[in-house]
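Novice: I'd like to ask some things about the structure below.
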Protein chains: 2
Amino acid sequence: MKWEDLSEQQCSVARSSAVLGDRWSLLLLSDFFLGVRRFDDFQRRLGLSRTTLTNRLKLMEDHDVVKRVVYQHQPTRYEYRLTAKGRDLFPLISALLTWGDKYYFEGLTPPIIRRHQTCGHDIQPVLSCPECHEAVDARSMRGRERPASAGLPPLERGPVKHS
Amino acid sequence: MKWEDLSEQQCSVARSSAVLGDRWSLLLLSDFFLGVRRFDDFQRRLGLSRTTLTNRLKLMEDHDVVKRVVYQHQPTRYEYRLTAKGRDLFPLISALLTWGDKYYFEGLTPPIIRRHQTCGHDIQPVLSCPECHEAVDARSMRGRERPASAGLPPLERGPVKHS
DNA sequence: TCAGGTTAGTCCATAAAGTGGACTCAGTCC
DNA sequence: GGACTGAGTCCACTTTATGGACTAACCTGA
């Protein structure tokens, strides 16, 4: 299967992976949330090759996750900013941070401390149910295939039942 | 920078990326949460090469995200299961699903419907603050660098301030 | 007994992607 | 005019992934 074929699948994870599924995109995204905007800053901070950085940013731009905005004329220079779609990836990076902090800095102060501006507490956001407001984890959730309906092909990769 | 060097960084996102940063790991993980356990099932469902699948599973095993368990003797055969550490990646996959559903199935029924077993509602989990219980997004959170303390090297990649 | 099936892999030649370092372009500052 | 800045491009080279055939160890039915 080719790289870009992923974005043609009907699975949401597959389509997300088409943009984010490589060594650098998640780190890049994380740097965006930390306020980085410029080509050379990304390159210096992450230490990836300039070629790869160009390709990643282009891909993210194609998928409307980031946009280029002019920050200077003569010569015209662009910086990169997250779009609304890009900012909506925040829960992803948050999950990565929380997980990394738990398993790689167990008991220690994690490298980055996060504060909820609204209430002023230092926290790690948690996943919860919008209906009953309880915390959710893998075992309290169950996925099922969308009911078959005309026009929609069956899923290649639905849930699996065990006896 | 080399692949495995990522796991030596002190950034949680970098360390997580060392295990998850490629085209297949996220999809693989998602299949795990859907109940898939066997080598051939992963291979058939995802369509990745057997070699790559072997390498990915080995990497995840090395990082204690999955474990091999015997499910049959003579011949001894193993299947793969998530460890507790692996199950803790649920928020990550949930975030990916929610995001994909929002941007690639806008208004439509997403391919997989998720139910919160505890309360019985079909939902998409949301990220919230464990202190004030409000929903959080990128703009309501602010990261800061951990205070410098003896023995700890400064961060390579801390937050960036803008004027 | 023997052909065919099952399952989790390995092997290998080829193709695709990433790397590092030099180079470009347009303009500024001294 | 020479050095500097910042966002890239170019290219030879290395690292990874791919697809398809093949193996090992057993079971099943004829």
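Going by the structure tokens order, chains are called A, B, ..., each with residues numbered from 1, while ligands are numbered from 1 in the order shown.
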Chain A superposed on chain B over all ordered C-alpha pairs, least squares: can you write that as a CSV table (one decimal) with N, CA and C atoms, in the first residue's frame?
Specialist:
```csv
chain,number,residue,atom,x,y,z
A,1,MET,N,19.2,12.7,12.4
A,1,MET,CA,18.8,11.9,13.6
A,1,MET,C,18.3,10.5,13.3
A,2,LYS,N,18.7,9.6,14.0
A,2,LYS,CA,18.3,8.2,13.8
A,2,LYS,C,16.9,7.9,14.5
A,3,TRP,N,16.2,7.0,13.9
A,3,TRP,CA,15.0,6.5,14.5
A,3,TRP,C,15.0,6.3,16.0
A,4,GLU,N,15.9,5.4,16.4
A,4,GLU,CA,15.9,5.0,17.9
A,4,GLU,C,16.4,6.1,18.8
A,5,ASP,N,17.1,7.1,18.2
A,5,ASP,CA,17.6,8.2,19.1
A,5,ASP,C,16.4,9.0,19.7
A,6,LEU,N,15.3,8.9,19.1
A,6,LEU,CA,14.1,9.6,19.7
A,6,LEU,C,13.8,9.2,21.1
A,7,SER,N,14.0,7.9,21.3
A,7,SER,CA,13.6,7.4,22.6
A,7,SER,C,14.6,7.8,23.7
A,8,GLU,N,15.7,8.5,23.3
A,8,GLU,CA,16.6,9.0,24.3
A,8,GLU,C,16.4,10.4,24.7
A,9,GLN,N,15.5,11.1,24.0
A,9,GLN,CA,15.2,12.5,24.3
A,9,GLN,C,14.4,12.6,25.6
A,10,GLN,N,14.4,13.8,26.2
A,10,GLN,CA,13.6,13.9,27.4
A,10,GLN,C,12.2,14.4,27.1
A,11,CYS,N,11.8,14.6,25.9
A,11,CYS,CA,10.5,15.1,25.5
A,11,CYS,C,9.6,13.9,25.4
A,12,SER,N,8.4,14.0,26.1
A,12,SER,CA,7.5,12.9,26.1
A,12,SER,C,6.9,12.6,24.7
A,13,VAL,N,6.7,13.7,23.9
A,13,VAL,CA,6.2,13.5,22.6
A,13,VAL,C,7.3,12.7,21.7
A,14,ALA,N,8.5,13.1,21.9
A,14,ALA,CA,9.6,12.4,21.2
A,14,ALA,C,9.6,11.0,21.5
A,15,ARG,N,9.5,10.7,22.8
A,15,ARG,CA,9.6,9.3,23.3
A,15,ARG,C,8.5,8.5,22.8
A,16,SER,N,7.3,9.1,22.8
A,16,SER,CA,6.1,8.4,22.3
A,16,SER,C,6.3,8.2,20.8
A,17,SER,N,6.8,9.2,20.1
A,17,SER,CA,7.0,9.0,18.6
A,17,SER,C,8.0,7.9,18.3
A,18,ALA,N,8.9,7.6,19.1
A,18,ALA,CA,9.8,6.5,18.9
A,18,ALA,C,9.1,5.2,18.7
A,19,VAL,N,8.0,5.0,19.3
A,19,VAL,CA,7.2,3.8,19.2
A,19,VAL,C,6.1,4.0,18.1
A,20,LEU,N,5.5,5.1,18.1
A,20,LEU,CA,4.3,5.3,17.3
A,20,LEU,C,4.4,6.1,16.0
A,21,GLY,N,5.6,6.6,15.8
A,21,GLY,CA,5.8,7.5,14.7
A,21,GLY,C,6.1,6.9,13.4
A,22,ASP,N,5.1,6.2,12.8
A,22,ASP,CA,5.2,5.7,11.5
A,22,ASP,C,3.8,5.4,10.9
A,23,ARG,N,3.8,5.1,9.7
A,23,ARG,CA,2.5,5.0,9.0
A,23,ARG,C,1.7,3.9,9.6
A,24,TRP,N,2.2,2.9,10.2
A,24,TRP,CA,1.4,1.7,10.6
A,24,TRP,C,1.1,1.6,12.0
A,25,SER,N,1.9,2.1,12.9
A,25,SER,CA,1.7,1.9,14.3
A,25,SER,C,0.3,2.3,14.8
A,26,LEU,N,-0.1,3.5,14.4
A,26,LEU,CA,-1.4,4.0,14.8
A,26,LEU,C,-2.5,3.2,14.4
A,27,LEU,N,-2.4,2.7,13.1
A,27,LEU,CA,-3.5,1.8,12.6
A,27,LEU,C,-3.5,0.5,13.3
A,28,LEU,N,-2.3,0.0,13.6
A,28,LEU,CA,-2.1,-1.2,14.3
A,28,LEU,C,-2.8,-1.1,15.7
A,29,LEU,N,-2.5,-0.1,16.3
A,29,LEU,CA,-3.0,0.2,17.7
A,29,LEU,C,-4.5,0.3,17.6
A,30,SER,N,-5.0,1.0,16.6
A,30,SER,CA,-6.5,1.1,16.4
A,30,SER,C,-7.1,-0.3,16.2
A,31,ASP,N,-6.4,-1.2,15.5
A,31,ASP,CA,-7.0,-2.5,15.3
A,31,ASP,C,-6.9,-3.3,16.6
A,32,PHE,N,-5.9,-3.1,17.4
A,32,PHE,CA,-5.9,-3.7,18.7
A,32,PHE,C,-7.1,-3.3,19.5
A,33,PHE,N,-7.4,-2.1,19.5
A,33,PHE,CA,-8.6,-1.6,20.3
A,33,PHE,C,-9.9,-2.2,19.7
A,34,LEU,N,-9.9,-2.5,18.4
A,34,LEU,CA,-11.1,-3.1,17.8
A,34,LEU,C,-11.1,-4.7,18.1
A,35,GLY,N,-10.1,-5.2,18.7
A,35,GLY,CA,-10.1,-6.6,19.1
A,35,GLY,C,-9.3,-7.5,18.3
A,36,VAL,N,-8.5,-7.0,17.4
A,36,VAL,CA,-7.6,-7.9,16.6
A,36,VAL,C,-6.4,-8.3,17.4
A,37,ARG,N,-6.0,-9.6,17.2
A,37,ARG,CA,-4.9,-10.1,18.0
A,37,ARG,C,-3.9,-10.9,17.3
A,38,ARG,N,-4.3,-11.4,16.1
A,38,ARG,CA,-3.4,-12.3,15.4
A,38,ARG,C,-2.7,-11.7,14.2
A,39,PHE,N,-1.4,-12.2,14.0
A,39,PHE,CA,-0.5,-11.8,13.0
A,39,PHE,C,-1.2,-11.7,11.6
A,40,ASP,N,-1.8,-12.8,11.2
A,40,ASP,CA,-2.4,-12.8,9.9
A,40,ASP,C,-3.6,-11.9,9.7
A,41,ASP,N,-4.3,-11.7,10.9
A,41,ASP,CA,-5.5,-10.8,10.8
A,41,ASP,C,-5.0,-9.4,10.6
A,42,PHE,N,-4.0,-9.0,11.4
A,42,PHE,CA,-3.4,-7.6,11.2
A,42,PHE,C,-3.0,-7.5,9.7
A,43,GLN,N,-2.3,-8.5,9.2
A,43,GLN,CA,-1.7,-8.4,7.9
A,43,GLN,C,-2.8,-8.3,6.8
A,44,ARG,N,-3.9,-9.1,7.0
A,44,ARG,CA,-5.0,-9.0,6.0
A,44,ARG,C,-5.7,-7.7,6.1
A,45,ARG,N,-6.0,-7.3,7.3
A,45,ARG,CA,-6.8,-6.0,7.5
A,45,ARG,C,-6.1,-4.8,7.0
A,46,LEU,N,-4.8,-4.7,7.4
A,46,LEU,CA,-4.1,-3.5,7.0
A,46,LEU,C,-3.4,-3.5,5.7
A,47,GLY,N,-3.1,-4.7,5.2
A,47,GLY,CA,-2.4,-4.8,3.9
A,47,GLY,C,-1.0,-4.3,3.9
A,48,LEU,N,-0.3,-4.4,5.1
A,48,LEU,CA,1.1,-4.0,5.1
A,48,LEU,C,1.9,-5.3,4.9
A,49,SER,N,3.2,-5.1,4.6
A,49,SER,CA,4.0,-6.3,4.3
A,49,SER,C,4.3,-7.1,5.6
A,50,ARG,N,4.4,-8.3,5.5
A,50,ARG,CA,4.7,-9.2,6.6
A,50,ARG,C,5.9,-8.8,7.4
A,51,THR,N,6.9,-8.4,6.6
A,51,THR,CA,8.2,-8.0,7.2
A,51,THR,C,8.0,-6.8,8.1
A,52,THR,N,7.3,-5.8,7.6
A,52,THR,CA,7.0,-4.5,8.3
A,52,THR,C,6.2,-4.8,9.6
A,53,LEU,N,5.2,-5.7,9.4
A,53,LEU,CA,4.4,-6.1,10.5
A,53,LEU,C,5.2,-6.7,11.6
A,54,THR,N,6.1,-7.6,11.3
A,54,THR,CA,7.0,-8.3,12.2
A,54,THR,C,7.8,-7.2,13.0
A,55,ASN,N,8.4,-6.3,12.2
A,55,ASN,CA,9.2,-5.2,12.8
A,55,ASN,C,8.4,-4.3,13.8
A,56,ARG,N,7.2,-3.9,13.3
A,56,ARG,CA,6.4,-3.1,14.2
A,56,ARG,C,6.0,-3.7,15.5
A,57,LEU,N,5.5,-5.0,15.4
A,57,LEU,CA,5.1,-5.7,16.6
A,57,LEU,C,6.3,-5.9,17.5
A,58,LYS,N,7.4,-6.2,16.9
A,58,LYS,CA,8.6,-6.4,17.8
A,58,LYS,C,9.0,-5.1,18.5
A,59,LEU,N,8.9,-4.0,17.8
A,59,LEU,CA,9.2,-2.7,18.4
A,59,LEU,C,8.2,-2.4,19.5
A,60,MET,N,6.9,-2.6,19.3
A,60,MET,CA,5.9,-2.4,20.3
A,60,MET,C,6.1,-3.3,21.5
A,61,GLU,N,6.6,-4.5,21.2
A,61,GLU,CA,6.8,-5.4,22.3
A,61,GLU,C,8.0,-4.9,23.1
A,62,ASP,N,9.1,-4.5,22.4
A,62,ASP,CA,10.3,-3.9,23.1
A,62,ASP,C,9.9,-2.8,24.0
A,63,HIS,N,8.9,-2.0,23.6
A,63,HIS,CA,8.5,-0.8,24.4
A,63,HIS,C,7.4,-1.1,25.3
A,64,ASP,N,7.1,-2.4,25.5
A,64,ASP,CA,6.1,-2.8,26.4
A,64,ASP,C,4.7,-2.3,26.2
A,65,VAL,N,4.4,-2.1,24.9
A,65,VAL,CA,3.1,-1.7,24.5
A,65,VAL,C,2.2,-2.9,24.2
A,66,VAL,N,2.8,-3.9,23.7
A,66,VAL,CA,2.0,-5.2,23.5
A,66,VAL,C,2.9,-6.3,24.0
A,67,LYS,N,2.2,-7.4,24.3
A,67,LYS,CA,2.9,-8.6,24.7
A,67,LYS,C,2.4,-9.8,23.9
A,68,ARG,N,3.3,-10.8,23.7
A,68,ARG,CA,2.9,-12.0,23.0
A,68,ARG,C,2.4,-13.0,24.0
A,69,VAL,N,1.2,-13.6,23.8
A,69,VAL,CA,0.7,-14.6,24.7
A,69,VAL,C,0.4,-15.9,23.9
A,70,VAL,N,0.7,-17.0,24.5
A,70,VAL,CA,0.5,-18.3,23.8
A,70,VAL,C,-1.0,-18.6,23.8
A,71,TYR,N,-1.5,-19.0,22.6
A,71,TYR,CA,-3.0,-19.3,22.6
A,71,TYR,C,-3.2,-20.7,22.1
A,72,GLN,N,-2.1,-21.4,21.8
A,72,GLN,CA,-2.2,-22.8,21.3
A,72,GLN,C,-0.8,-23.5,21.5
A,73,HIS,N,-0.9,-24.8,21.9
A,73,HIS,CA,0.3,-25.6,21.9
A,73,HIS,C,0.3,-26.6,20.8
A,74,GLN,N,1.5,-27.0,20.4
A,74,GLN,CA,1.7,-28.0,19.3
A,74,GLN,C,0.9,-27.7,18.0
A,75,PRO,N,1.5,-26.8,17.2
A,75,PRO,CA,2.7,-26.0,17.5
A,75,PRO,C,2.3,-24.8,18.4
A,76,THR,N,3.3,-24.4,19.1
A,76,THR,CA,3.1,-23.2,20.0
A,76,THR,C,2.8,-22.0,19.1
A,77,ARG,N,1.7,-21.3,19.4
A,77,ARG,CA,1.5,-20.1,18.6
A,77,ARG,C,1.1,-19.0,19.5
A,78,TYR,N,1.5,-17.8,19.1
A,78,TYR,CA,1.3,-16.6,19.9
A,78,TYR,C,0.4,-15.7,19.3
A,79,GLU,N,-0.4,-14.9,20.1
A,79,GLU,CA,-1.1,-13.8,19.6
A,79,GLU,C,-0.6,-12.6,20.4
A,80,TYR,N,-1.0,-11.4,20.0
A,80,TYR,CA,-0.6,-10.2,20.6
A,80,TYR,C,-1.7,-9.5,21.3
A,81,ARG,N,-1.4,-9.0,22.5
A,81,ARG,CA,-2.3,-8.3,23.3
A,81,ARG,C,-1.7,-7.0,23.8
A,82,LEU,N,-2.6,-6.0,24.0
A,82,LEU,CA,-2.1,-4.8,24.6
A,82,LEU,C,-1.7,-5.0,26.1
A,83,THR,N,-0.7,-4.4,26.5
A,83,THR,CA,-0.4,-4.3,28.0
A,83,THR,C,-1.2,-3.2,28.6
A,84,ALA,N,-1.0,-3.0,29.9
A,84,ALA,CA,-1.7,-1.8,30.5
A,84,ALA,C,-1.2,-0.5,29.9
A,85,LYS,N,0.1,-0.5,29.6
A,85,LYS,CA,0.7,0.7,29.0
A,85,LYS,C,0.1,0.9,27.6
A,86,GLY,N,-0.1,-0.2,26.9
A,86,GLY,CA,-0.7,0.0,25.6
A,86,GLY,C,-2.1,0.4,25.7
A,87,ARG,N,-2.9,-0.1,26.6
A,87,ARG,CA,-4.3,0.3,26.8
A,87,ARG,C,-4.4,1.8,27.1
A,88,ASP,N,-3.3,2.3,27.8
A,88,ASP,CA,-3.3,3.7,28.2
A,88,ASP,C,-3.1,4.6,27.0
A,89,LEU,N,-2.9,4.0,25.8
A,89,LEU,CA,-2.9,4.8,24.6
A,89,LEU,C,-4.3,5.1,24.0
A,90,PHE,N,-5.3,4.6,24.7
A,90,PHE,CA,-6.6,4.7,24.2
A,90,PHE,C,-7.0,6.2,23.9
A,91,PRO,N,-6.6,7.1,24.8
A,91,PRO,CA,-7.0,8.5,24.5
A,91,PRO,C,-6.4,9.0,23.1
A,92,LEU,N,-5.3,8.5,22.8
A,92,LEU,CA,-4.6,8.9,21.5
A,92,LEU,C,-5.5,8.4,20.3
A,93,ILE,N,-5.9,7.2,20.3
A,93,ILE,CA,-6.7,6.7,19.2
A,93,ILE,C,-8.1,7.3,19.2
A,94,SER,N,-8.6,7.5,20.4
A,94,SER,CA,-9.9,8.2,20.5
A,94,SER,C,-9.8,9.6,19.9
A,95,ALA,N,-8.7,10.3,20.2
A,95,ALA,CA,-8.5,11.7,19.6
A,95,ALA,C,-8.4,11.6,18.1
A,96,LEU,N,-7.7,10.6,17.6
A,96,LEU,CA,-7.6,10.4,16.1
A,96,LEU,C,-8.9,10.2,15.5
A,97,LEU,N,-9.7,9.3,16.1
A,97,LEU,CA,-11.0,9.0,15.6
A,97,LEU,C,-12.0,10.2,15.6
A,98,THR,N,-12.0,10.9,16.7
A,98,THR,CA,-12.9,12.0,16.8
A,98,THR,C,-12.5,13.1,15.8
A,99,TRP,N,-11.2,13.3,15.6
A,99,TRP,CA,-10.8,14.3,14.6
A,99,TRP,C,-11.1,13.9,13.2
A,100,GLY,N,-10.8,12.6,12.9
A,100,GLY,CA,-11.1,12.1,11.6
A,100,GLY,C,-12.6,12.2,11.3
A,101,ASP,N,-13.4,11.8,12.3
A,101,ASP,CA,-14.9,11.8,12.1
A,101,ASP,C,-15.3,13.2,11.8
A,102,LYS,N,-14.8,14.2,12.5
A,102,LYS,CA,-15.2,15.6,12.4
A,102,LYS,C,-14.8,16.1,11.0
A,103,TYR,N,-13.6,15.8,10.5
A,103,TYR,CA,-13.2,16.5,9.3
A,103,TYR,C,-13.3,15.6,8.0
A,104,TYR,N,-13.5,14.3,8.2
A,104,TYR,CA,-13.7,13.5,7.0
A,104,TYR,C,-15.1,12.9,6.8
A,105,PHE,N,-15.9,13.0,7.9
A,105,PHE,CA,-17.3,12.5,7.8
A,105,PHE,C,-18.2,13.6,8.3
A,106,GLU,N,-17.9,14.8,8.1
A,106,GLU,CA,-18.7,15.9,8.5
A,106,GLU,C,-20.2,15.7,8.3
A,107,GLY,N,-21.0,15.6,9.3
A,107,GLY,CA,-22.4,15.5,9.1
A,107,GLY,C,-22.9,14.1,8.9
A,108,LEU,N,-22.0,13.2,8.4
A,108,LEU,CA,-22.4,11.9,8.1
A,108,LEU,C,-22.2,11.0,9.3
A,109,THR,N,-22.8,9.8,9.2
A,109,THR,CA,-22.5,8.8,10.2
A,109,THR,C,-21.1,8.3,10.1
A,110,PRO,N,-20.3,8.4,11.1
A,110,PRO,CA,-18.9,7.9,11.0
A,110,PRO,C,-18.9,6.4,10.9
A,111,PRO,N,-17.9,5.8,10.4
A,111,PRO,CA,-17.8,4.3,10.1
A,111,PRO,C,-17.9,3.5,11.4
A,112,ILE,N,-17.4,4.1,12.5
A,112,ILE,CA,-17.5,3.3,13.8
A,112,ILE,C,-18.2,4.2,14.8
A,113,ILE,N,-19.2,3.6,15.4
A,113,ILE,CA,-20.0,4.3,16.4
A,113,ILE,C,-19.5,3.8,17.8
A,114,ARG,N,-19.3,4.8,18.7
A,114,ARG,CA,-18.7,4.4,20.0
A,114,ARG,C,-19.7,4.6,21.1
A,115,ARG,N,-19.8,3.6,21.9
A,115,ARG,CA,-20.8,3.7,23.1
A,115,ARG,C,-20.0,3.6,24.4
A,116,HIS,N,-20.4,4.5,25.3
A,116,HIS,CA,-19.9,4.5,26.6
A,116,HIS,C,-20.7,3.4,27.4
A,117,GLN,N,-20.1,2.3,27.7
A,117,GLN,CA,-20.8,1.2,28.4
A,117,GLN,C,-21.4,1.6,29.7
A,118,THR,N,-20.7,2.4,30.4
A,118,THR,CA,-21.1,2.8,31.8
A,118,THR,C,-22.5,3.5,31.8
A,119,CYS,N,-22.7,4.4,30.8
A,119,CYS,CA,-24.0,5.2,30.9
A,119,CYS,C,-24.9,4.8,29.7
A,120,GLY,N,-24.3,4.1,28.7
A,120,GLY,CA,-25.1,3.6,27.6
A,120,GLY,C,-25.3,4.6,26.5
A,121,HIS,N,-24.7,5.7,26.5
A,121,HIS,CA,-24.9,6.7,25.4
A,121,HIS,C,-23.8,6.5,24.3
A,122,ASP,N,-24.3,6.8,23.1
A,122,ASP,CA,-23.3,6.8,22.0
A,122,ASP,C,-22.6,8.2,22.0
A,123,ILE,N,-21.3,8.2,22.2
A,123,ILE,CA,-20.6,9.5,22.4
A,123,ILE,C,-19.3,9.5,21.7
A,124,GLN,N,-18.7,10.7,21.6
A,124,GLN,CA,-17.3,10.9,21.3
A,124,GLN,C,-16.7,11.5,22.6
A,125,PRO,N,-15.8,10.8,23.2
A,125,PRO,CA,-15.2,11.3,24.4
A,125,PRO,C,-14.5,12.7,24.2
A,126,VAL,N,-14.6,13.5,25.2
A,126,VAL,CA,-14.0,14.8,25.1
A,126,VAL,C,-12.9,15.0,26.1
A,127,LEU,N,-12.0,16.0,25.9
A,127,LEU,CA,-10.9,16.2,26.8
A,127,LEU,C,-11.4,17.3,27.8
A,128,SER,N,-11.2,17.0,29.1
A,128,SER,CA,-11.6,18.0,30.1
A,128,SER,C,-10.6,18.1,31.2
A,129,CYS,N,-10.9,19.1,32.0
A,129,CYS,CA,-10.0,19.5,33.1
A,129,CYS,C,-10.4,18.7,34.4
A,130,PRO,N,-9.5,17.9,35.0
A,130,PRO,CA,-9.9,17.1,36.2
A,130,PRO,C,-10.2,18.0,37.4
A,131,GLU,N,-9.8,19.3,37.3
A,131,GLU,CA,-10.1,20.1,38.5
A,131,GLU,C,-11.4,20.8,38.4
A,132,CYS,N,-11.6,21.5,37.2
A,132,CYS,CA,-12.9,22.3,37.1
A,132,CYS,C,-13.9,21.6,36.2
A,133,HIS,N,-13.5,20.5,35.6
A,133,HIS,CA,-14.4,19.7,34.8
A,133,HIS,C,-14.9,20.3,33.5
A,134,GLU,N,-14.3,21.5,33.1
A,134,GLU,CA,-14.7,22.0,31.9
A,134,GLU,C,-13.9,21.4,30.7
A,135,ALA,N,-14.5,21.5,29.5
A,135,ALA,CA,-13.8,21.0,28.3
A,135,ALA,C,-12.6,21.9,28.1
A,136,VAL,N,-11.5,21.3,27.7
A,136,VAL,CA,-10.3,22.1,27.4
A,136,VAL,C,-10.0,22.0,25.9
A,137,ASP,N,-9.4,23.0,25.3
A,137,ASP,CA,-8.8,23.0,24.0
A,137,ASP,C,-7.5,23.7,24.0
A,138,ALA,N,-6.9,23.8,22.8
A,138,ALA,CA,-5.5,24.3,22.6
A,138,ALA,C,-5.4,25.6,23.3
A,139,ARG,N,-6.4,26.5,23.2
A,139,ARG,CA,-6.2,27.9,23.7
A,139,ARG,C,-6.4,28.0,25.1
A,140,SER,N,-7.1,27.1,25.8
A,140,SER,CA,-7.3,27.2,27.2
A,140,SER,C,-6.1,26.6,28.0
A,141,MET,N,-5.2,26.0,27.3
A,141,MET,CA,-4.0,25.4,28.0
A,141,MET,C,-2.7,26.2,27.7
A,142,ARG,N,-1.8,26.2,28.7
A,142,ARG,CA,-0.6,26.9,28.4
A,142,ARG,C,0.5,26.0,29.0
A,143,GLY,N,1.6,25.7,28.3
A,143,GLY,CA,2.7,24.9,28.8
A,143,GLY,C,3.8,25.8,29.2
A,144,ARG,N,4.5,25.4,30.3
A,144,ARG,CA,5.7,26.1,30.7
A,144,ARG,C,6.8,25.1,31.0
A,145,GLU,N,8.0,25.5,30.9
A,145,GLU,CA,9.2,24.7,31.1
A,145,GLU,C,9.2,24.4,32.6
A,146,ARG,N,9.5,23.2,33.0
A,146,ARG,CA,9.8,22.8,34.3
A,146,ARG,C,10.9,23.6,34.9
A,147,PRO,N,10.7,24.1,36.2
A,147,PRO,CA,11.8,24.9,36.8
A,147,PRO,C,13.1,24.2,36.8
A,148,ALA,N,14.2,24.9,36.5
A,148,ALA,CA,15.5,24.3,36.4
A,148,ALA,C,15.8,23.8,37.8
A,149,SER,N,16.4,22.5,37.8
A,149,SER,CA,16.8,22.0,39.1
A,149,SER,C,18.1,21.2,38.9
A,150,ALA,N,18.9,21.1,39.9
A,150,ALA,CA,20.2,20.5,39.8
A,150,ALA,C,20.0,19.1,39.2
A,151,GLY,N,21.0,18.8,38.3
A,151,GLY,CA,21.0,17.4,37.8
A,151,GLY,C,20.2,17.3,36.5
A,152,LEU,N,19.2,18.1,36.3
A,152,LEU,CA,18.4,18.0,35.1
A,152,LEU,C,18.9,19.0,34.0
A,153,PRO,N,19.3,18.5,32.9
A,153,PRO,CA,19.7,19.4,31.8
A,153,PRO,C,18.5,20.2,31.3
A,154,PRO,N,18.8,21.4,30.7
A,154,PRO,CA,17.7,22.3,30.2
A,154,PRO,C,17.1,21.6,29.0
A,155,LEU,N,15.8,21.9,28.8
A,155,LEU,CA,15.1,21.3,27.6
A,155,LEU,C,15.7,21.8,26.3
A,156,GLU,N,15.7,20.8,25.4
A,156,GLU,CA,16.1,21.2,24.0
A,156,GLU,C,14.9,22.0,23.3
A,157,ARG,N,13.7,21.7,23.8
A,157,ARG,CA,12.5,22.1,23.0
A,157,ARG,C,11.4,22.6,23.9
A,158,GLY,N,11.7,23.7,24.6
A,158,GLY,CA,10.7,24.3,25.5
A,158,GLY,C,9.7,25.2,24.8
A,159,PRO,N,8.7,25.7,25.5
A,159,PRO,CA,7.7,26.6,24.9
A,159,PRO,C,8.4,27.9,24.4
A,160,VAL,N,7.8,28.5,23.5
A,160,VAL,CA,8.3,29.7,22.9
A,160,VAL,C,7.3,30.9,23.2
A,161,LYS,N,7.9,32.0,23.6
A,161,LYS,CA,7.1,33.1,23.9
A,161,LYS,C,7.0,34.0,22.6
A,162,HIS,N,5.8,34.7,22.4
A,162,HIS,CA,5.7,35.6,21.4
A,162,HIS,C,5.4,37.0,22.0
A,163,SER,N,5.9,38.0,21.3
A,163,SER,CA,5.6,39.4,21.8
A,163,SER,C,4.2,39.9,21.7
```
Novice: Report as a VMD selection string the set of chain D residues whose atoms approach chain B to within 8 Å, with distances computed over only C-alpha atoms (C1' of nucleotides).
Specialist: chain D and resid 17 to 19 25 to 26
Novice: Would you output that residue set with N, CA and C atoms (P, O5', C5', C4', C3', O3' and C1' of nucleotides), as a PDB file, in the first residue's frame?
Specialist:
```pdb
ATOM      1  P    DA D  17      10.253   1.208   8.118  1.00  0.00           P
ATOM      2  O5'  DA D  17       9.776   0.862   6.636  1.00  0.00           O
ATOM      3  C5'  DA D  17       9.243   1.908   5.840  1.00  0.00           C
ATOM      4  C4'  DA D  17       8.674   1.324   4.558  1.00  0.00           C
ATOM      5  C3'  DA D  17       7.688   0.176   4.747  1.00  0.00           C
ATOM      6  O3'  DA D  17       6.590   0.441   3.879  1.00  0.00           O
ATOM      7  C1'  DA D  17       9.451  -0.500   3.303  1.00  0.00           C
ATOM      8  P    DT D  18       5.421  -0.618   3.680  1.00  0.00           P
ATOM      9  O5'  DT D  18       5.907  -1.388   2.368  1.00  0.00           O
ATOM     10  C5'  DT D  18       5.998  -0.661   1.156  1.00  0.00           C
ATOM     11  C4'  DT D  18       6.145  -1.644   0.006  1.00  0.00           C
ATOM     12  C3'  DT D  18       5.176  -2.815   0.083  1.00  0.00           C
ATOM     13  O3'  DT D  18       4.471  -2.887  -1.148  1.00  0.00           O
ATOM     14  C1'  DT D  18       7.405  -3.581  -0.197  1.00  0.00           C
ATOM     15  P    DG D  19       3.046  -3.685  -1.204  1.00  0.00           P
ATOM     16  O5'  DG D  19       3.311  -4.841  -2.265  1.00  0.00           O
ATOM     17  C5'  DG D  19       4.351  -4.729  -3.224  1.00  0.00           C
ATOM     18  C4'  DG D  19       4.767  -6.115  -3.684  1.00  0.00           C
ATOM     19  C3'  DG D  19       3.727  -7.221  -3.468  1.00  0.00           C
ATOM     20  O3'  DG D  19       3.832  -8.083  -4.587  1.00  0.00           O
ATOM     21  C1'  DG D  19       5.688  -7.798  -2.311  1.00  0.00           C
ATOM     22  P    DA D  25      10.758 -27.006  12.914  1.00  0.00           P
ATOM     23  O5'  DA D  25       9.270 -27.300  13.402  1.00  0.00           O
ATOM     24  C5'  DA D  25       8.569 -26.296  14.132  1.00  0.00           C
ATOM     25  C4'  DA D  25       7.123 -26.696  14.139  1.00  0.00           C
ATOM     26  C3'  DA D  25       6.910 -28.207  14.326  1.00  0.00           C
ATOM     27  O3'  DA D  25       6.068 -28.393  15.452  1.00  0.00           O
ATOM     28  C1'  DA D  25       5.594 -27.358  12.573  1.00  0.00           C
ATOM     29  P    DC D  26       5.963 -29.788  16.238  1.00  0.00           P
ATOM     30  O5'  DC D  26       4.628 -30.388  15.621  1.00  0.00           O
ATOM     31  C5'  DC D  26       3.447 -30.056  16.285  1.00  0.00           C
ATOM     32  C4'  DC D  26       2.381 -29.626  15.272  1.00  0.00           C
ATOM     33  C3'  DC D  26       1.378 -30.722  14.976  1.00  0.00           C
ATOM     34  O3'  DC D  26       0.402 -30.711  16.018  1.00  0.00           O
ATOM     35  C1'  DC D  26       1.742 -29.212  13.147  1.00  0.00           C
TER      36       DC D  26
END
```
Novice: Show me, as a ChimeraX atom specification, every residue of chain C with an atom at most 9 Å from chain A, counting only C-alpha atoms (C1' of nucleotides).
Specialist: /C:18-20,26-27
